[in-house]
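Source file: protein_1.json; contents: JSON, C-alpha atoms.
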[["chain", "number", "residue", "atom", "x", "y", "z"],
["A", 1, "MET", "CA", 29.60, 17.31, 1.50],
["A", 2, "SER", "CA", 27.05, 20.05, 2.05],
["A", 3, "ALA", "CA", 23.60, 20.06, 0.58],
["A", 4, "SER", "CA", 22.67, 22.66, -1.96],
["A", 5, "ASN", "CA", 19.62, 24.79, -1.22],
["A", 6, "THR", "CA", 19.57, 26.27, -4.70],
["A", 7, "SER", "CA", 18.62, 23.05, -6.51],
["A", 8, "ALA", "CA", 15.12, 21.59, -6.51],
["A", 9, "PRO", "CA", 15.60, 17.97, -5.35],
["A", 10, "VAL", "CA", 12.26, 16.78, -6.75],
["A", 11, "PHE", "CA", 13.08, 18.09, -10.24],
["A", 12, "LEU", "CA", 16.56, 16.56, -10.08],
["A", 13, "LEU", "CA", 15.07, 13.26, -8.89],
["A", 14, "LEU", "CA", 12.57, 13.08, -11.74],
["A", 15, "ALA", "CA", 15.09, 14.16, -14.37],
["A", 16, "THR", "CA", 17.78, 11.73, -13.21],
["A", 17, "GLY", "CA", 15.32, 8.85, -12.84],
["A", 18, "THR", "CA", 13.82, 9.53, -16.26],
["A", 19, "PHE", "CA", 17.16, 9.40, -18.05],
["A", 20, "LEU", "CA", 18.16, 6.34, -16.04],
["A", 21, "GLY", "CA", 14.92, 4.64, -17.02],
["A", 22, "LEU", "CA", 15.91, 4.95, -20.68],
["A", 23, "TYR", "CA", 19.01, 2.83, -20.00],
["A", 24, "PHE", "CA", 16.93, -0.36, -19.86],
["A", 25, "PRO", "CA", 15.14, -0.27, -23.24],
["A", 26, "LEU", "CA", 18.33, 0.99, -24.90],
["A", 27, "GLY", "CA", 20.22, -1.87, -23.27],
["A", 28, "LYS", "CA", 17.66, -4.35, -24.55],
["A", 29, "LEU", "CA", 18.07, -2.98, -28.07],
["A", 30, "SER", "CA", 21.86, -3.20, -27.81],
["A", 31, "GLY", "CA", 21.64, -6.84, -26.72],
["A", 32, "ALA", "CA", 19.32, -7.63, -29.61],
["A", 33, "ALA", "CA", 21.94, -6.08, -31.93],
["A", 34, "GLY", "CA", 24.59, -8.44, -30.59],
["A", 35, "ILE", "CA", 26.63, -5.89, -28.62],
["A", 36, "PRO", "CA", 28.28, -7.60, -25.60],
["A", 37, "PRO", "CA", 27.33, -6.25, -22.14],
["A", 38, "ALA", "CA", 30.92, -5.29, -21.31],
["A", 39, "VAL", "CA", 31.26, -3.29, -24.52],
["A", 40, "TRP", "CA", 27.98, -1.48, -23.85],
["A", 41, "THR", "CA", 29.13, -0.70, -20.32],
["A", 42, "LEU", "CA", 32.38, 0.70, -21.70],
["A", 43, "LEU", "CA", 30.44, 2.85, -24.17],
["A", 44, "ILE", "CA", 28.35, 4.38, -21.38],
["A", 45, "SER", "CA", 31.32, 5.33, -19.20],
["A", 46, "ALA", "CA", 33.70, 6.37, -21.97],
["A", 47, "GLY", "CA", 31.04, 8.28, -23.90],
["A", 48, "SER", "CA", 29.83, 10.09, -20.79],
["A", 49, "ALA", "CA", 33.37, 10.99, -19.76],
["A", 50, "LEU", "CA", 34.10, 12.41, -23.22],
["A", 51, "VAL", "CA", 30.91, 14.46, -23.43],
["A", 52, "ILE", "CA", 31.18, 15.86, -19.90],
["A", 53, "GLY", "CA", 34.93, 16.36, -20.35],
["A", 54, "ALA", "CA", 34.23, 18.43, -23.45],
["A", 55, "VAL", "CA", 31.81, 20.59, -21.45],
["A", 56, "LEU", "CA", 34.48, 21.11, -18.79],
["A", 57, "ALA", "CA", 37.02, 22.05, -21.47],
["A", 58, "LEU", "CA", 34.64, 24.62, -22.94],
["A", 59, "ARG", "CA", 34.24, 26.07, -19.45],
["A", 60, "ARG", "CA", 38.02, 25.95, -19.00],
["A", 61, "GLU", "CA", 37.62, 23.83, -15.88],
["A", 62, "ALA", "CA", 40.43, 21.40, -15.13],
["A", 63, "LEU", "CA", 39.83, 17.89, -13.82],
["A", 64, "PRO", "CA", 41.21, 17.78, -10.25],
["A", 65, "LEU", "CA", 43.92, 15.12, -9.87],
["A", 66, "THR", "CA", 44.82, 15.35, -6.18],
["A", 67, "PRO", "CA", 44.82, 12.10, -4.12],
["A", 68, "PRO", "CA", 41.30, 12.60, -2.62],
["A", 69, "PHE", "CA", 39.85, 13.10, -6.11],
["A", 70, "LEU", "CA", 41.75, 10.18, -7.64],
["A", 71, "ARG", "CA", 40.53, 7.91, -4.84],
["A", 72, "PHE", "CA", 36.96, 9.10, -5.38],
["A", 73, "TYR", "CA", 37.20, 8.54, -9.16],
["A", 74, "ALA", "CA", 38.57, 5.01, -8.79],
["A", 75, "ILE", "CA", 36.32, 3.67, -6.04],
["A", 76, "GLY", "CA", 33.22, 5.58, -7.09],
["A", 77, "GLY", "CA", 33.68, 4.68, -10.74],
["A", 78, "ILE", "CA", 33.90, 0.96, -10.07],
["A", 79, "ILE", "CA", 31.09, 0.49, -7.54],
["A", 80, "SER", "CA", 28.76, 3.16, -8.92],
["A", 81, "TYR", "CA", 29.07, 2.64, -12.68],
["A", 82, "ALA", "CA", 31.31, -0.11, -14.03],
["A", 83, "LEU", "CA", 30.00, -2.97, -11.89],
["A", 84, "PRO", "CA", 26.26, -2.18, -11.72],
["A", 85, "ASN", "CA", 26.04, -1.22, -15.40],
["A", 86, "PHE", "CA", 27.78, -4.43, -16.43],
["A", 87, "LEU", "CA", 25.38, -6.46, -14.28],
["A", 88, "VAL", "CA", 22.37, -4.63, -15.76],
["A", 89, "TYR", "CA", 23.30, -5.39, -19.36],
["A", 90, "LEU", "CA", 24.34, -8.92, -18.46],
["A", 91, "ILE", "CA", 20.90, -9.85, -17.12],
["A", 92, "ILE", "CA", 18.60, -7.84, -19.43],
["A", 93, "PRO", "CA", 18.57, -10.61, -22.08],
["A", 94, "HIS", "CA", 17.47, -13.07, -19.40],
["A", 95, "LEU", "CA", 14.99, -10.99, -17.35],
["A", 96, "GLY", "CA", 13.83, -8.30, -19.79],
["A", 97, "SER", "CA", 14.26, -4.54, -19.50],
["A", 98, "GLY", "CA", 11.23, -3.96, -17.28],
["A", 99, "TYR", "CA", 12.10, -6.63, -14.75],
["A", 100, "THR", "CA", 15.75, -5.56, -14.66],
["A", 101, "SER", "CA", 14.69, -1.99, -13.91],
["A", 102, "ILE", "CA", 12.83, -3.29, -10.86],
["A", 103, "MET", "CA", 16.17, -4.28, -9.33],
["A", 104, "TYR", "CA", 16.89, -0.57, -8.97],
["A", 105, "THR", "CA", 13.88, -0.21, -6.68],
["A", 106, "LEU", "CA", 15.63, -2.25, -3.99],
["A", 107, "SER", "CA", 18.41, 0.33, -3.78],
["A", 108, "PRO", "CA", 16.56, 2.83, -1.49],
["A", 109, "ILE", "CA", 16.01, 0.21, 1.21],
["A", 110, "ILE", "CA", 19.63, -0.95, 1.17],
["A", 111, "THR", "CA", 20.89, 2.63, 0.98],
["A", 112, "THR", "CA", 18.77, 3.57, 4.01],
["A", 113, "ILE", "CA", 20.22, 0.67, 6.01],
["A", 114, "LEU", "CA", 23.80, 1.54, 5.06],
["A", 115, "ALA", "CA", 23.32, 5.29, 5.58],
["A", 116, "THR", "CA", 21.82, 4.69, 9.01],
["A", 117, "ALA", "CA", 24.61, 2.30, 10.00],
["A", 118, "LEU", "CA", 27.31, 4.72, 8.84],
["A", 119, "ASN", "CA", 25.50, 7.92, 9.91],
["A", 120, "ALA", "CA", 25.51, 9.29, 6.37],
["A", 121, "ARG", "CA", 22.56, 11.71, 6.21],
["A", 122, "ARG", "CA", 19.84, 9.46, 7.57],
["A", 123, "PRO", "CA", 16.19, 10.15, 6.60],
["A", 124, "ASN", "CA", 13.56, 11.22, 9.14],
["A", 125, "LEU", "CA", 10.59, 9.02, 10.07],
["A", 126, "LEU", "CA", 8.40, 10.39, 7.28],
["A", 127, "GLY", "CA", 11.19, 9.76, 4.80],
["A", 128, "VAL", "CA", 11.53, 6.15, 5.96],
["A", 129, "CYS", "CA", 7.76, 5.69, 5.59],
["A", 130, "GLY", "CA", 7.92, 7.00, 2.03],
["A", 131, "ILE", "CA", 10.76, 4.64, 1.17],
["A", 132, "LEU", "CA", 8.86, 1.69, 2.63],
["A", 133, "ILE", "CA", 5.76, 2.63, 0.61],
["A", 134, "GLY", "CA", 7.89, 2.79, -2.52],
["A", 135, "PHE", "CA", 9.31, -0.63, -1.66],
["A", 136, "ILE", "CA", 5.78, -2.05, -1.32],
["A", 137, "GLY", "CA", 5.03, -0.66, -4.77],
["A", 138, "ALA", "CA", 8.14, -2.34, -6.11],
["A", 139, "MET", "CA", 7.04, -5.67, -4.66],
["A", 140, "LEU", "CA", 3.62, -5.26, -6.30],
["A", 141, "ILE", "CA", 5.42, -4.80, -9.60],
["A", 142, "VAL", "CA", 7.41, -7.97, -9.00],
["A", 143, "LEU", "CA", 4.21, -9.91, -8.30],
["A", 144, "GLY", "CA", 2.50, -8.36, -11.31],
["A", 145, "LYS", "CA", 5.38, -9.18, -13.62],
["A", 146, "GLY", "CA", 4.96, -12.82, -12.70],
["A", 147, "ARG", "CA", 8.16, -14.00, -14.35],
["A", 148, "VAL", "CA", 10.09, -15.36, -11.37],
["A", 149, "GLY", "CA", 9.03, -18.90, -12.14],
["A", 150, "GLU", "CA", 9.93, -18.52, -15.80],
["A", 151, "VAL", "CA", 13.60, -17.61, -15.46],
["A", 152, "ASN", "CA", 16.69, -19.19, -14.01],
["A", 153, "VAL", "CA", 16.96, -18.33, -10.32],
["A", 154, "LEU", "CA", 20.67, -17.70, -10.91],
["A", 155, "TRP", "CA", 19.90, -14.59, -12.97],
["A", 156, "ILE", "CA", 17.57, -13.27, -10.30],
["A", 157, "GLY", "CA", 20.35, -13.78, -7.74],
["A", 158, "ILE", "CA", 22.84, -11.93, -9.93],
["A", 159, "GLY", "CA", 20.26, -9.18, -10.35],
["A", 160, "PHE", "CA", 20.16, -8.62, -6.58],
["A", 161, "LEU", "CA", 23.82, -7.59, -6.74],
["A", 162, "ILE", "CA", 22.73, -4.48, -8.67],
["A", 163, "PRO", "CA", 20.98, -2.67, -5.78],
["A", 164, "LEU", "CA", 23.77, -3.74, -3.41],
["A", 165, "THR", "CA", 26.45, -2.07, -5.54],
["A", 166, "LEU", "CA", 24.25, 0.97, -6.17],
["A", 167, "ALA", "CA", 23.55, 1.46, -2.47],
["A", 168, "SER", "CA", 27.23, 1.09, -1.61],
["A", 169, "GLY", "CA", 28.08, 3.72, -4.21],
["A", 170, "ASN", "CA", 25.40, 6.11, -2.95],
["A", 171, "VAL", "CA", 26.77, 6.05, 0.59],
["A", 172, "TYR", "CA", 30.42, 6.01, -0.44],
["A", 173, "ARG", "CA", 30.07, 9.16, -2.54],
["A", 174, "THR", "CA", 28.54, 11.01, 0.41],
["A", 175, "LEU", "CA", 31.19, 9.90, 2.88],
["A", 176, "ASP", "CA", 34.18, 10.54, 0.61],
["A", 177, "TRP", "CA", 32.97, 13.55, -1.41],
["A", 178, "PRO", "CA", 36.13, 15.67, -1.94],
["A", 179, "ARG", "CA", 36.10, 19.11, -0.37],
["A", 180, "GLY", "CA", 35.15, 21.81, -2.88],
["A", 181, "ALA", "CA", 34.33, 19.28, -5.60],
["A", 182, "ARG", "CA", 32.11, 20.29, -8.50],
["A", 183, "PRO", "CA", 29.52, 17.76, -9.74],
["A", 184, "LEU", "CA", 30.54, 17.67, -13.41],
["A", 185, "ALA", "CA", 34.20, 17.10, -12.56],
["A", 186, "LEU", "CA", 33.29, 14.15, -10.35],
["A", 187, "ALA", "CA", 31.02, 12.74, -13.07],
["A", 188, "ALA", "CA", 33.77, 12.96, -15.69],
["A", 189, "GLY", "CA", 36.50, 11.55, -13.45],
["A", 190, "SER", "CA", 34.41, 8.66, -12.10],
["A", 191, "ASN", "CA", 33.29, 7.56, -15.54],
["A", 192, "LEU", "CA", 36.78, 7.88, -16.96],
["A", 193, "ALA", "CA", 37.99, 5.56, -14.21],
["A", 194, "ALA", "CA", 35.11, 3.15, -14.92],
["A", 195, "ALA", "CA", 35.97, 3.19, -18.62],
["A", 196, "LEU", "CA", 39.62, 2.37, -17.88],
["A", 197, "VAL", "CA", 38.57, -0.55, -15.67],
["A", 198, "MET", "CA", 36.21, -1.95, -18.31],
["A", 199, "SER", "CA", 38.86, -1.49, -21.03],
["A", 200, "ALA", "CA", 41.41, -3.42, -18.97],
["A", 201, "ALA", "CA", 38.87, -6.17, -18.31],
["A", 202, "LEU", "CA", 38.00, -6.50, -22.01],
["A", 203, "LEU", "CA", 41.65, -6.56, -23.06],
["A", 204, "ALA", "CA", 42.47, -9.18, -20.44],
["A", 205, "THR", "CA", 39.55, -11.47, -21.28],
["A", 206, "SER", "CA", 39.12, -11.10, -25.03],
["A", 207, "GLY", "CA", 42.26, -9.35, -26.29],
["A", 208, "GLY", "CA", 40.34, -6.39, -27.68],
["A", 209, "LEU", "CA", 37.75, -3.76, -26.85],
["A", 210, "GLY", "CA", 35.12, -5.02, -29.28],
["A", 211, "LEU", "CA", 34.07, -1.51, -30.23],
["A", 212, "GLY", "CA", 33.36, -2.66, -33.77],
["A", 213, "THR", "CA", 30.16, -4.29, -32.53],
["A", 214, "LEU", "CA", 28.74, -0.81, -31.83],
["A", 215, "ALA", "CA", 28.36, -0.47, -35.61],
["A", 216, "ASN", "CA", 25.50, -2.98, -35.30],
["A", 217, "ALA", "CA", 23.38, -0.25, -33.69],
["A", 218, "PRO", "CA", 24.97, 3.16, -34.31],
["A", 219, "LEU", "CA", 21.88, 5.26, -33.56],
["A", 220, "VAL", "CA", 21.14, 3.34, -30.38],
["A", 221, "SER", "CA", 24.77, 3.80, -29.34],
["A", 222, "LEU", "CA", 24.63, 7.56, -29.90],
["A", 223, "ALA", "CA", 21.34, 7.76, -28.02],
["A", 224, "GLN", "CA", 22.84, 5.89, -25.07],
["A", 225, "VAL", "CA", 25.82, 8.26, -24.86],
["A", 226, "ALA", "CA", 23.51, 11.29, -24.94],
["A", 227, "VAL", "CA", 21.17, 9.81, -22.32],
["A", 228, "SER", "CA", 23.96, 8.74, -19.97],
["A", 229, "ALA", "CA", 25.74, 12.10, -20.17],
["A", 230, "ALA", "CA", 22.47, 13.92, -19.44],
["A", 231, "MET", "CA", 21.68, 11.59, -16.55],
["A", 232, "LEU", "CA", 25.07, 12.18, -14.94],
["A", 233, "ALA", "CA", 24.75, 15.95, -15.29],
["A", 234, "PHE", "CA", 21.74, 15.73, -12.97],
["A", 235, "PHE", "CA", 22.95, 12.78, -10.88],
["A", 236, "PHE", "CA", 25.75, 14.47, -8.96],
["A", 237, "ARG", "CA", 23.71, 17.62, -8.41],
["A", 238, "LEU", "CA", 20.99, 15.43, -6.93],
["A", 239, "GLN", "CA", 23.53, 13.80, -4.61],
["A", 240, "MET", "CA", 24.50, 17.24, -3.32],
["A", 241, "ALA", "CA", 20.94, 18.46, -2.98],
["A", 242, "GLY", "CA", 19.27, 15.37, -1.55],
["A", 243, "GLY", "CA", 21.86, 13.06, -0.05],
["A", 244, "PRO", "CA", 22.32, 9.31, -0.67],
["A", 245, "VAL", "CA", 18.90, 8.05, 0.45],
["A", 246, "TYR", "CA", 16.84, 10.56, -1.51],
["A", 247, "LEU", "CA", 19.06, 10.03, -4.57],
["A", 248, "SER", "CA", 18.57, 6.27, -4.37],
["A", 249, "GLN", "CA", 14.89, 6.76, -5.27],
["A", 250, "ILE", "CA", 15.84, 7.38, -8.88],
["A", 251, "GLY", "CA", 15.38, 3.62, -9.04],
["A", 252, "TYR", "CA", 11.66, 4.04, -8.40],
["A", 253, "VAL", "CA", 11.33, 6.63, -11.17],
["A", 254, "ALA", "CA", 13.48, 4.57, -13.54],
["A", 255, "ALA", "CA", 11.45, 1.41, -12.90],
["A", 256, "ALA", "CA", 8.16, 3.17, -13.65],
["A", 257, "LEU", "CA", 9.56, 4.64, -16.87],
["A", 258, "GLY", "CA", 11.16, 1.33, -17.81],
["A", 259, "LEU", "CA", 7.79, -0.38, -17.48],
["A", 260, "GLY", "CA", 6.14, 2.25, -19.65],
["A", 261, "VAL", "CA", 8.74, 2.08, -22.39],
["A", 262, "GLY", "CA", 8.80, -1.70, -22.24],
["A", 263, "THR", "CA", 5.02, -1.80, -22.66],
["A", 264, "PHE", "CA", 4.45, 0.83, -25.34],
["A", 265, "LEU", "CA", 7.65, 0.55, -27.39],
["A", 266, "LEU", "CA", 9.12, -2.91, -26.82],
["A", 267, "GLY", "CA", 5.98, -5.03, -26.65],
["A", 268, "GLU", "CA", 6.42, -6.21, -23.06],
["A", 269, "HIS", "CA", 3.18, -6.95, -21.17],
["A", 270, "TYR", "CA", 2.24, -6.27, -17.53],
["A", 271, "ASP", "CA", -1.01, -6.74, -15.65],
["A", 272, "TRP", "CA", -2.99, -4.37, -13.42],
["A", 273, "LEU", "CA", -0.98, -5.30, -10.32],
["A", 274, "THR", "CA", 2.17, -3.97, -11.96],
["A", 275, "TRP", "CA", 0.56, -0.63, -12.73],
["A", 276, "LEU", "CA", -0.86, -0.43, -9.21],
["A", 277, "GLY", "CA", 2.70, -0.86, -7.99],
["A", 278, "ALA", "CA", 3.79, 2.07, -10.15],
["A", 279, "VAL", "CA", 1.09, 4.24, -8.54],
["A", 280, "VAL", "CA", 2.18, 3.19, -5.05],
["A", 281, "ILE", "CA", 5.79, 3.99, -5.94],
["A", 282, "THR", "CA", 4.71, 7.47, -7.02],
["A", 283, "ALA", "CA", 3.01, 7.98, -3.65],
["A", 284, "GLY", "CA", 6.21, 6.91, -1.89],
["A", 285, "VAL", "CA", 8.31, 9.38, -3.87],
["A", 286, "ILE", "CA", 5.87, 12.20, -3.06],
["A", 287, "ILE", "CA", 6.04, 11.40, 0.67],
["A", 288, "THR", "CA", 9.83, 11.32, 0.76],
["A", 289, "THR", "CA", 9.94, 14.57, -1.21],
["A", 290, "ILE", "CA", 7.79, 16.18, 1.50],
["A", 291, "ALA", "CA", 10.07, 14.66, 4.15],
["A", 292, "GLN", "CA", 13.13, 16.03, 2.34],
["A", 293, "ARG", "CA", 11.82, 19.57, 2.84],
["A", 294, "ALA", "CA", 11.45, 19.13, 6.60],
["A", 295, "PRO", "CA", 13.83, 21.12, 8.82],
["A", 296, "GLY", "CA", 17.18, 19.45, 9.35],
["A", 297, "GLN", "CA", 17.01, 17.41, 6.13]]

Would you put the structure from the file into structure tokens?
Amino acid sequence: MSASNTSAPVFLLLATGTFLGLYFPLGKLSGAAGIPPAVWTLLISAGSALVIGAVLALRREALPLTPPFLRFYAIGGIISYALPNFLVYLIIPHLGSGYTSIMYTLSPIITTILATALNARRPNLLGVCGILIGFIGAMLIVLGKGRVGEVNVLWIGIGFLIPLTLASGNVYRTLDWPRGARPLALAAGSNLAAALVMSAALLATSGGLGLGTLANAPLVSLAQVAVSAAMLAFFFRLQMAGGPVYLSQIGYVAAALGLGVGTFLLGEHYDWLTWLGAVVITAGVIITTIAQRAPGQ
């Protein structure tokens, strides 16, 4: 996969992270409405695939179905969308939307380790410093949130699977990006595959898809489809422009936004240490953005 010089990585990072950050409060609202996590995960993938597929149809662009693309759809869809999204909406009722969003901030560190081990577009020294600064900010947020002692350690452990799957997906997409692939086609195909996996899982475990529960929160459901489709439109362009490590920092942006929405719209409360962490995260993103523009990146 070659990087695009025509896209502005910092704009794509902020846009993708912003839309991703809206996932958490919307997920909290869906849980409060009684929509099961698996059903909400199916909505995200199926709704995104339909919206992006419609855009492709209007452009008269076909969805590539050759073996390299089918492999990318299947593997990428499961580890990048179906599994992490299910985990997110599974733990939000137990950890809250703000704390769950913090799990995304661990993804850059794990992605950096995997990318370095597999030689998949490693960051330079300045980039690594920026990622470490962002990680320090994330840890400040964890300390400021102060909820570790108030929740079951099991849910925290399950939460740590989120950045692991996200990091694996970030590196996999770089290593197996099909030659000549267009971002929207990959977004549609991957989410269609994720939707099929979640549908099969729901049918096998409960005998139905449970889509009727979406009627409990129709406006929230529509908002989630719109947000997820918009996020994916930027997501794959960001992967092309910035590579797996830079892309992984959408977790920092999403966490900061998730904290803001949780505070001002959902009544969640955080102390000064949490907000200091958000400032430190911002500094880390700025440093890695500067590093991204260095020659050879």

Residues near A:Ile287, anyone? I mean within 10 Å using all atoms listed in the file, not counting same-chain ones fewer than 5 positions away, as an mmCIF file with C-alpha atoms, in the coordinates of the input.
data_model
loop_
_atom_site.group_PDB
_atom_site.id
_atom_site.type_symbol
_atom_site.label_atom_id
_atom_site.label_comp_id
_atom_site.auth_asym_id
_atom_site.auth_seq_id
_atom_site.Cartn_x
_atom_site.Cartn_y
_atom_site.Cartn_z
ATOM 1 C CA LEU A 126 8.400 10.390 7.280
ATOM 2 C CA GLY A 127 11.190 9.760 4.800
ATOM 3 C CA VAL A 128 11.530 6.150 5.960
ATOM 4 C CA CYS A 129 7.760 5.690 5.590
ATOM 5 C CA GLY A 130 7.920 7.000 2.030
ATOM 6 C CA ILE A 131 10.760 4.640 1.170
ATOM 7 C CA ILE A 133 5.760 2.630 0.610
ATOM 8 C CA GLY A 134 7.890 2.790 -2.520
ATOM 9 C CA ILE A 281 5.790 3.990 -5.940
ATOM 10 C CA THR A 282 4.710 7.470 -7.020
ATOM 11 C CA GLN A 292 13.130 16.030 2.340
#

Quick one: everything within 6 Å of A:Ser107, counting only C-alpha atoms, minus sequence neighbours fewer than 5 positions away in the same chain. Send it as a CSV table (one decimal) with C-alpha atoms, keeping the file's coordinate frame.
chain,number,residue,atom,x,y,z
A,163,PRO,CA,21.0,-2.7,-5.8
A,167,ALA,CA,23.6,1.5,-2.5
A,248,SER,CA,18.6,6.3,-4.4

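The space separating atom CA of A:Ile162 from atom CA of A:Ala217 comes to 25.4 Å.
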
Worksheet item: Interatomic distance between atom CA of A:Arg173 and atom CA of A:Ala256?
Response: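 Taking atom CA of A:Arg173 as the start and atom CA of A:Ala256 as the end point, the length is 25.3 Å.
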
Practice prompt. Rank nothing, just name the residue among A:Leu63, A:Ala8, A:Leu232, A:Ala204 nearest to A:Tyr81, using all atoms listed in the file.
Written response: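 The answer is A:Leu232, which sits nearest to A:Tyr81.
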
Worksheet item: Can you tell me, as a ChimeraX atom specification, which residues sit within 10 Å of (40.8, 19.6, -12.2) in the file's frame, using all atoms listed in the file?
Response: /A:56,60-66,69,181-182,185-186,189

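If all atoms listed in the file are the atoms counted, then among A:Leu238, A:Ile91, A:Met139, A:Leu14 the closest residue to A:Ala254 is A:Leu14.
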
Discussion item. Please return as a list of chain:residue names every residue within 8 Å of (21.0, 1.3, -10.8), taking into account all atoms listed in the file and the file's own coordinates.
Written reply: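 Neighbouring residues, ordered by chain and number, come to A:Leu20, A:Pro84, A:Asn85, A:Val88, A:Ser101, A:Met103, A:Tyr104, A:Ser107, A:Ile162, A:Pro163, A:Leu166, A:Gly251.
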
Discussion item. Give me the residues near A:Leu222 as a list of chain:residue names, where near means some atom within 10 Å (using only C-alpha atoms) and where sequence neighbours in that chain fewer than 6 positions away do not count.
Written reply: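 In the requested form, the answer reads A:Leu43, A:Ile44, A:Gly47, A:Leu214.
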
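Among the candidates A:Phe235, A:Tyr252, A:Tyr73, A:Tyr246, the residue lying nearest to A:Gly137 is A:Tyr252 (atoms considered: only C-alpha atoms).
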
Worksheet item: Could you state the separation of atom CA of A:Ile75 and atom CA of A:Ala117 in Å, given to one decimal place?
Response: 19.9 Å

Discussion item. Here is a test: counting all atoms listed in the file, which residue of A:Phe72, A:Phe11, A:Trp40, A:Phe234 is nearest to A:Ser199?
Written reply: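 Among the listed residues, A:Trp40 lies closest to A:Ser199.
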
Fill in: Shell of 8 Å around A:Ile109, all atoms listed in the file, local chain residues under 4 positions omitted, as a PyMOL selection string
chain A and resi 113+131-132+135
